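Raw upload.cif, mmCIF, C-alpha atoms and all ligand atoms; chains and numbers go by the auth columns:
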data_target
loop_
_atom_site.group_PDB
_atom_site.id
_atom_site.type_symbol
_atom_site.label_atom_id
_atom_site.label_comp_id
_atom_site.label_asym_id
_atom_site.label_seq_id
_atom_site.Cartn_x
_atom_site.Cartn_y
_atom_site.Cartn_z
_atom_site.B_iso_or_equiv
_atom_site.auth_seq_id
_atom_site.auth_asym_id
ATOM 1 C CA MET A 1 21.588 0.661 3.479 0.00 1 A
ATOM 2 C CA ALA A 2 17.987 0.523 4.644 0.00 2 A
ATOM 3 C CA SER A 3 15.385 0.935 1.912 0.00 3 A
ATOM 4 C CA ILE A 4 13.150 4.005 1.906 0.00 4 A
ATOM 5 C CA PHE A 5 10.297 1.705 2.961 0.00 5 A
ATOM 6 C CA THR A 6 12.267 0.363 5.945 0.00 6 A
ATOM 7 C CA LYS A 7 12.857 3.988 6.937 0.00 7 A
ATOM 8 C CA ILE A 8 9.095 4.561 6.717 0.00 8 A
ATOM 9 C CA ILE A 9 8.412 1.556 8.977 0.00 9 A
ATOM 10 C CA GLN A 10 10.992 2.853 11.448 0.00 10 A
ATOM 11 C CA GLY A 11 9.402 6.315 11.429 0.00 11 A
ATOM 12 C CA GLU A 12 12.493 8.014 9.974 0.00 12 A
ATOM 13 C CA ILE A 13 10.495 9.093 6.906 0.00 13 A
ATOM 14 C CA PRO A 14 6.862 10.202 7.268 0.00 14 A
ATOM 15 C CA CYS A 15 3.999 8.378 5.598 0.00 15 A
ATOM 16 C CA TYR A 16 0.220 8.183 5.593 0.00 16 A
ATOM 17 C CA LYS A 17 -0.186 4.899 7.442 0.00 17 A
ATOM 18 C CA VAL A 18 -3.349 2.877 6.924 0.00 18 A
ATOM 19 C CA ALA A 19 -2.642 -0.431 8.712 0.00 19 A
ATOM 20 C CA GLU A 20 0.043 -2.386 10.519 0.00 20 A
ATOM 21 C CA ASN A 21 0.546 -5.716 12.253 0.00 21 A
ATOM 22 C CA ASP A 22 3.624 -7.521 13.523 0.00 22 A
ATOM 23 C CA LYS A 23 4.826 -8.537 10.040 0.00 23 A
ATOM 24 C CA PHE A 24 3.354 -6.004 7.599 0.00 24 A
ATOM 25 C CA PHE A 25 2.823 -2.295 7.101 0.00 25 A
ATOM 26 C CA ALA A 26 0.457 -0.447 4.736 0.00 26 A
ATOM 27 C CA PHE A 27 0.541 3.223 3.732 0.00 27 A
ATOM 28 C CA LEU A 28 -0.711 5.471 0.953 0.00 28 A
ATOM 29 C CA ASP A 29 1.328 5.699 -2.235 0.00 29 A
ATOM 30 C CA ILE A 30 2.613 9.258 -2.475 0.00 30 A
ATOM 31 C CA ASN A 31 1.965 9.250 -6.262 0.00 31 A
ATOM 32 C CA PRO A 32 -1.496 7.684 -6.342 0.00 32 A
ATOM 33 C CA LEU A 33 -3.187 6.393 -9.466 0.00 33 A
ATOM 34 C CA SER A 34 -6.490 6.833 -7.615 0.00 34 A
ATOM 35 C CA ILE A 35 -7.648 7.986 -4.208 0.00 35 A
ATOM 36 C CA GLY A 36 -6.840 5.288 -1.680 0.00 36 A
ATOM 37 C CA HIS A 37 -3.905 3.793 -3.663 0.00 37 A
ATOM 38 C CA THR A 38 -2.040 1.888 -0.968 0.00 38 A
ATOM 39 C CA LEU A 39 1.243 -0.016 -0.705 0.00 39 A
ATOM 40 C CA VAL A 40 1.510 -3.106 1.489 0.00 40 A
ATOM 41 C CA ILE A 41 4.995 -4.195 2.517 0.00 41 A
ATOM 42 C CA PRO A 42 6.607 -6.864 4.661 0.00 42 A
ATOM 43 C CA LYS A 43 8.581 -5.397 7.571 0.00 43 A
ATOM 44 C CA LYS A 44 11.384 -7.760 6.623 0.00 44 A
ATOM 45 C CA GLU A 45 13.296 -5.993 3.869 0.00 45 A
ATOM 46 C CA ILE A 46 13.393 -8.252 0.820 0.00 46 A
ATOM 47 C CA ASP A 47 13.677 -6.726 -2.647 0.00 47 A
ATOM 48 C CA TYR A 48 11.928 -9.170 -4.987 0.00 48 A
ATOM 49 C CA ILE A 49 8.493 -10.407 -3.950 0.00 49 A
ATOM 50 C CA PHE A 50 9.161 -13.896 -5.321 0.00 50 A
ATOM 51 C CA ASP A 51 12.153 -14.157 -2.963 0.00 51 A
ATOM 52 C CA LEU A 52 9.806 -14.121 0.037 0.00 52 A
ATOM 53 C CA ASP A 53 9.444 -17.602 1.486 0.00 53 A
ATOM 54 C CA ASP A 54 6.058 -19.208 0.829 0.00 54 A
ATOM 55 C CA GLU A 55 4.755 -18.504 4.320 0.00 55 A
ATOM 56 C CA LEU A 56 5.629 -14.804 4.240 0.00 56 A
ATOM 57 C CA TYR A 57 4.402 -14.423 0.649 0.00 57 A
ATOM 58 C CA THR A 58 1.050 -16.006 1.514 0.00 58 A
ATOM 59 C CA ALA A 59 0.734 -13.906 4.657 0.00 59 A
ATOM 60 C CA LEU A 60 1.541 -10.732 2.655 0.00 60 A
ATOM 61 C CA MET A 61 -1.262 -11.559 0.235 0.00 61 A
ATOM 62 C CA GLN A 62 -3.646 -12.315 3.109 0.00 62 A
ATOM 63 C CA PHE A 63 -2.822 -9.004 4.774 0.00 63 A
ATOM 64 C CA SER A 64 -3.226 -7.232 1.400 0.00 64 A
ATOM 65 C CA LYS A 65 -6.694 -8.758 1.121 0.00 65 A
ATOM 66 C CA ILE A 66 -7.633 -7.484 4.587 0.00 66 A
ATOM 67 C CA VAL A 67 -6.339 -3.987 3.816 0.00 67 A
ATOM 68 C CA GLY A 68 -8.035 -4.038 0.393 0.00 68 A
ATOM 69 C CA LYS A 69 -11.381 -4.868 2.009 0.00 69 A
ATOM 70 C CA HIS A 70 -11.010 -1.899 4.335 0.00 70 A
ATOM 71 C CA ILE A 71 -10.069 0.395 1.445 0.00 71 A
ATOM 72 C CA GLU A 72 -13.155 -0.616 -0.543 0.00 72 A
ATOM 73 C CA SER A 73 -15.350 -0.169 2.518 0.00 73 A
ATOM 74 C CA VAL A 74 -14.533 3.556 2.665 0.00 74 A
ATOM 75 C CA ILE A 75 -13.462 4.496 -0.896 0.00 75 A
ATOM 76 C CA PRO A 76 -16.215 4.225 -3.529 0.00 76 A
ATOM 77 C CA CYS A 77 -14.938 1.932 -6.314 0.00 77 A
ATOM 78 C CA LYS A 78 -15.906 -1.165 -8.284 0.00 78 A
ATOM 79 C CA ARG A 79 -13.051 -3.196 -6.875 0.00 79 A
ATOM 80 C CA ILE A 80 -9.445 -3.106 -5.734 0.00 80 A
ATOM 81 C CA GLY A 81 -6.827 -3.798 -8.387 0.00 81 A
ATOM 82 C CA ILE A 82 -3.564 -5.458 -7.370 0.00 82 A
ATOM 83 C CA LEU A 83 -0.235 -4.686 -9.011 0.00 83 A
ATOM 84 C CA VAL A 84 3.340 -5.655 -8.247 0.00 84 A
ATOM 85 C CA PHE A 85 6.248 -3.971 -10.022 0.00 85 A
ATOM 86 C CA GLY A 86 9.073 -3.204 -7.658 0.00 86 A
ATOM 87 C CA LEU A 87 11.153 -1.503 -10.341 0.00 87 A
ATOM 88 C CA GLU A 88 11.639 1.676 -8.332 0.00 88 A
ATOM 89 C CA VAL A 89 11.933 0.693 -4.667 0.00 89 A
ATOM 90 C CA PRO A 90 13.927 -2.476 -3.816 0.00 90 A
ATOM 91 C CA HIS A 91 11.601 -3.546 -1.000 0.00 91 A
ATOM 92 C CA ALA A 92 8.749 -5.894 -1.946 0.00 92 A
ATOM 93 C CA HIS A 93 5.382 -4.141 -2.076 0.00 93 A
ATOM 94 C CA VAL A 94 1.866 -4.794 -3.287 0.00 94 A
ATOM 95 C CA HIS A 95 -0.045 -1.908 -4.868 0.00 95 A
ATOM 96 C CA LEU A 96 -3.756 -1.866 -3.926 0.00 96 A
ATOM 97 C CA ILE A 97 -5.578 0.464 -6.306 0.00 97 A
ATOM 98 C CA PRO A 98 -9.272 1.383 -6.104 0.00 98 A
ATOM 99 C CA ILE A 99 -10.570 1.063 -9.679 0.00 99 A
ATOM 100 C CA ASN A 100 -13.730 1.556 -11.717 0.00 100 A
ATOM 101 C CA LYS A 101 -12.267 0.732 -15.135 0.00 101 A
ATOM 102 C CA SER A 102 -9.126 -0.990 -16.420 0.00 102 A
ATOM 103 C CA SER A 103 -7.431 2.298 -17.372 0.00 103 A
ATOM 104 C CA ASP A 104 -7.396 3.210 -13.660 0.00 104 A
ATOM 105 C CA MET A 105 -4.505 0.727 -13.420 0.00 105 A
ATOM 106 C CA ASP A 106 -2.529 2.378 -16.238 0.00 106 A
ATOM 107 C CA ILE A 107 0.799 3.224 -14.618 0.00 107 A
ATOM 108 C CA SER A 108 1.820 5.416 -17.553 0.00 108 A
ATOM 109 C CA LYS A 109 -0.924 7.917 -16.802 0.00 109 A
ATOM 110 C CA LYS A 110 -0.447 11.071 -14.751 0.00 110 A
ATOM 111 C CA THR A 111 -0.737 10.425 -11.031 0.00 111 A
ATOM 112 C CA LEU A 112 -2.998 12.468 -8.751 0.00 112 A
ATOM 113 C CA LYS A 113 -1.713 15.454 -6.847 0.00 113 A
ATOM 114 C CA LEU A 114 -3.374 15.458 -3.437 0.00 114 A
ATOM 115 C CA THR A 115 -2.981 17.863 -0.551 0.00 115 A
ATOM 116 C CA LYS A 116 -1.493 16.698 2.745 0.00 116 A
ATOM 117 C CA GLU A 117 -4.955 17.155 4.276 0.00 117 A
ATOM 118 C CA LYS A 118 -6.545 14.896 1.655 0.00 118 A
ATOM 119 C CA PHE A 119 -3.895 12.183 2.144 0.00 119 A
ATOM 120 C CA GLU A 120 -4.427 12.389 5.911 0.00 120 A
ATOM 121 C CA GLN A 121 -8.211 12.207 5.565 0.00 121 A
ATOM 122 C CA VAL A 122 -8.062 9.150 3.281 0.00 122 A
ATOM 123 C CA ALA A 123 -5.497 7.334 5.444 0.00 123 A
ATOM 124 C CA GLN A 124 -7.521 8.085 8.568 0.00 124 A
ATOM 125 C CA LYS A 125 -10.725 6.681 7.053 0.00 125 A
ATOM 126 C CA ILE A 126 -9.044 3.409 6.043 0.00 126 A
ATOM 127 C CA ASN A 127 -7.179 3.174 9.339 0.00 127 A
ATOM 128 C CA ASP A 128 -10.375 3.751 11.340 0.00 128 A
ATOM 129 C CA SER A 129 -12.067 0.915 9.462 0.00 129 A
ATOM 130 C CA TYR A 130 -9.035 -1.358 9.993 0.00 130 A
ATOM 131 C CA LYS A 131 -8.756 -0.563 13.701 0.00 131 A
ATOM 132 C CA LYS A 132 -12.460 -1.169 14.281 0.00 132 A
ATOM 133 C CA SER A 133 -12.003 -4.723 12.986 0.00 133 A
ATOM 134 C CA LEU A 134 -9.211 -5.596 15.450 0.00 134 A
HETATM 135 P P1 LIG B . 7.536 0.377 -7.908 0.00 1 B
HETATM 136 O O1 LIG B . 8.782 0.008 -7.138 0.00 1 B
HETATM 137 O O2 LIG B . 7.779 0.447 -9.387 0.00 1 B
HETATM 138 O O3 LIG B . 6.373 -0.509 -7.560 0.00 1 B
HETATM 139 O O4 LIG B . 7.118 1.847 -7.456 0.00 1 B
HETATM 140 C C1 LIG B . 7.321 2.309 -6.148 0.00 1 B
HETATM 141 C C2 LIG B . 6.112 3.058 -5.671 0.00 1 B
HETATM 142 O O5 LIG B . 6.425 3.597 -4.391 0.00 1 B
HETATM 143 C C3 LIG B . 5.672 4.242 -6.551 0.00 1 B
HETATM 144 O O6 LIG B . 4.291 4.115 -6.843 0.00 1 B
HETATM 145 C C4 LIG B . 5.978 5.475 -5.694 0.00 1 B
HETATM 146 O O7 LIG B . 5.041 6.508 -5.868 0.00 1 B
HETATM 147 C C5 LIG B . 5.906 4.901 -4.290 0.00 1 B
HETATM 148 N N1 LIG B . 6.705 5.622 -3.322 0.00 1 B
HETATM 149 C C6 LIG B . 8.025 5.918 -3.399 0.00 1 B
HETATM 150 N N2 LIG B . 8.432 6.586 -2.296 0.00 1 B
HETATM 151 C C7 LIG B . 7.335 6.711 -1.504 0.00 1 B
HETATM 152 C C8 LIG B . 7.108 7.300 -0.221 0.00 1 B
HETATM 153 N N3 LIG B . 8.092 7.905 0.458 0.00 1 B
HETATM 154 N N4 LIG B . 5.864 7.239 0.292 0.00 1 B
HETATM 155 C C9 LIG B . 4.860 6.636 -0.390 0.00 1 B
HETATM 156 N N5 LIG B . 5.015 6.057 -1.588 0.00 1 B
HETATM 157 C C10 LIG B . 6.237 6.090 -2.153 0.00 1 B
#
Go ahead and render the structure in this file as structure tokens.
Amino acid sequence: MASIFTKIIQGEIPCYKVAENDKFFAFLDINPLSIGHTLVIPKKEIDYIFDLDDELYTALMQFSKIVGKHIESVIPCKRIGILVFGLEVPHAHVHLIPINKSSDMDISKKTLKLTKEKFEQVAQKINDSYKKSL
């Protein structure tokens, strides 16, 4: 069965998309640790990130860097933290988290509750920055 993230790529499940190219897709995490918390995924559905072949793994990290740069250009933060867990959704994904202090990466803390309008506004800002660079 297709993963929830494959369904997002295929448009069967809605998301707040921030960037896309032929191999990768980026969208806001629905339970963000901070405003702008984004997930970057390969379109090819592979569960464990270390099972990606070297070329795809490297390209995923390169695309994550591009998306991260666009996030930090529109979301005030000290830097973008990178996390990979994959314990919940069996489709490799990189978390890009705008941070100001190390506790902003604490996954045990309560996540933010944002309105649909806020999610849309944040995704739009990042997506505008990304699209301008193409
Ligand atoms: P993990 O697999 O442990 O890295 O966690 C999966 C992440 O995906 C969590 O941060 C969830 O909030 C996020 N997530 C799960 N379903 C969705 C969805 N439909 N849209 C956006 N983010 C999601």
Using only the atoms of ligand LIG 1 (chain B) listed in the file, plus 3 Å on each side, state the axis-aligned box centre and edge lengths in Å rounded to one decimal, as lines of an AutoDock Vina configuration file.
center_x = 6.5
center_y = 3.7
center_z = -4.5
size_x = 10.5
size_y = 14.4
size_z = 15.8
### Query
Any chance you could work out the residue set of the PyMOL selection byres (((not hetatm)) within 8 of (chain B and resi 1)) here, as a list in words?
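Expected selection for the PyMOL selection byres (((not hetatm)) within 8 of (chain B and resi 1)) here is Ile4, Phe5, Ile8, Ile13, Pro14, Cys15, Tyr16, Phe27, Leu28, Asp29, Ile30, Asn31, Pro32, Leu39, Leu83, Val84, Phe85, Gly86, Leu87, Glu88, Val89, Pro90, His91, Ala92, His93, Val94 and His95 of chain A.
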### Query
With distances taken over only C-alpha atoms, which of A:Asp53, A:Ile97, A:Ile41, A:Gln10 is nearest to Lys69 in chain A?
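Residue with the minimum atom-to-atom distance to Lys69 in chain A: A:Ile97.
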#### Entry: Exercise: range 130-132 of chain A partners within 9 Å, all atoms listed in the file, chain neighbours under 5 positions left out, as a list of chain:residue names
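Near range 130-132 of chain A, the qualifying residues are A:Val18, A:Ala19, A:Ile66, A:Val67, A:His70, A:Ile71, A:Lys125.
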### Query
Which one is closest to Ala123 in chain A: A:Ile46, A:Val74, A:Ile9, A:Ile82? Count all atoms listed in the file.
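The closest residue to Ala123 in chain A is A:Val74.
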### Counting all atoms listed in the file, the residue of A:Gly68, A:Pro76, A:Gly11, A:Gly81 that sits nearest Ile35 in chain A
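Selected residue with least distance to Ile35 in chain A: A:Pro76.
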### Message
Which residues are close to range 59-62 of chain A, i.e. within 8 Å by all atoms listed in the file, leaving aside same-chain residues fewer than 5 positions away? Reply as a count of residues only.
### Response
4
### Message
When you count only C-alpha atoms, which of these residues is closest to Leu114 in chain A: A:Lys43, A:Lys65, A:Arg79, A:His37?
### Response
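Smallest distance to Leu114 in chain A is found for A:His37.
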### Query
Using only C-alpha atoms, which of A:Leu134, A:Ile75, A:Ser129, A:Lys44 sits nearest Pro98 in chain A?
A:Ile75
### Query
What is the CA of Ser102 in chain A-CA of Glu72 in chain A distance in Å, reported with one decimal?
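Here the two named atoms are 16.4 Å from each other.
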### Query
Given the choices A:Thr115, A:Ser103, A:Asn21, A:Ser34, which gets closest to Ser64 in chain A if the distance is worked out from only C-alpha atoms?
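Comparing A:Thr115, A:Ser103, A:Asn21, A:Ser34 against Ser64 in chain A, the winner is A:Asn21.
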### Query
CA of Glu45 in chain A and CA of Glu12 in chain A are how many Å apart?
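Separating CA of Glu45 in chain A from CA of Glu12 in chain A is a distance of 15.3 Å.
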### Task
Report the distance between CA of Leu112 in chain A and CA of Phe25 in chain A in Å, rounded to one decimal place.
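Between CA of Leu112 in chain A and CA of Phe25 in chain A the gap is 22.4 Å.
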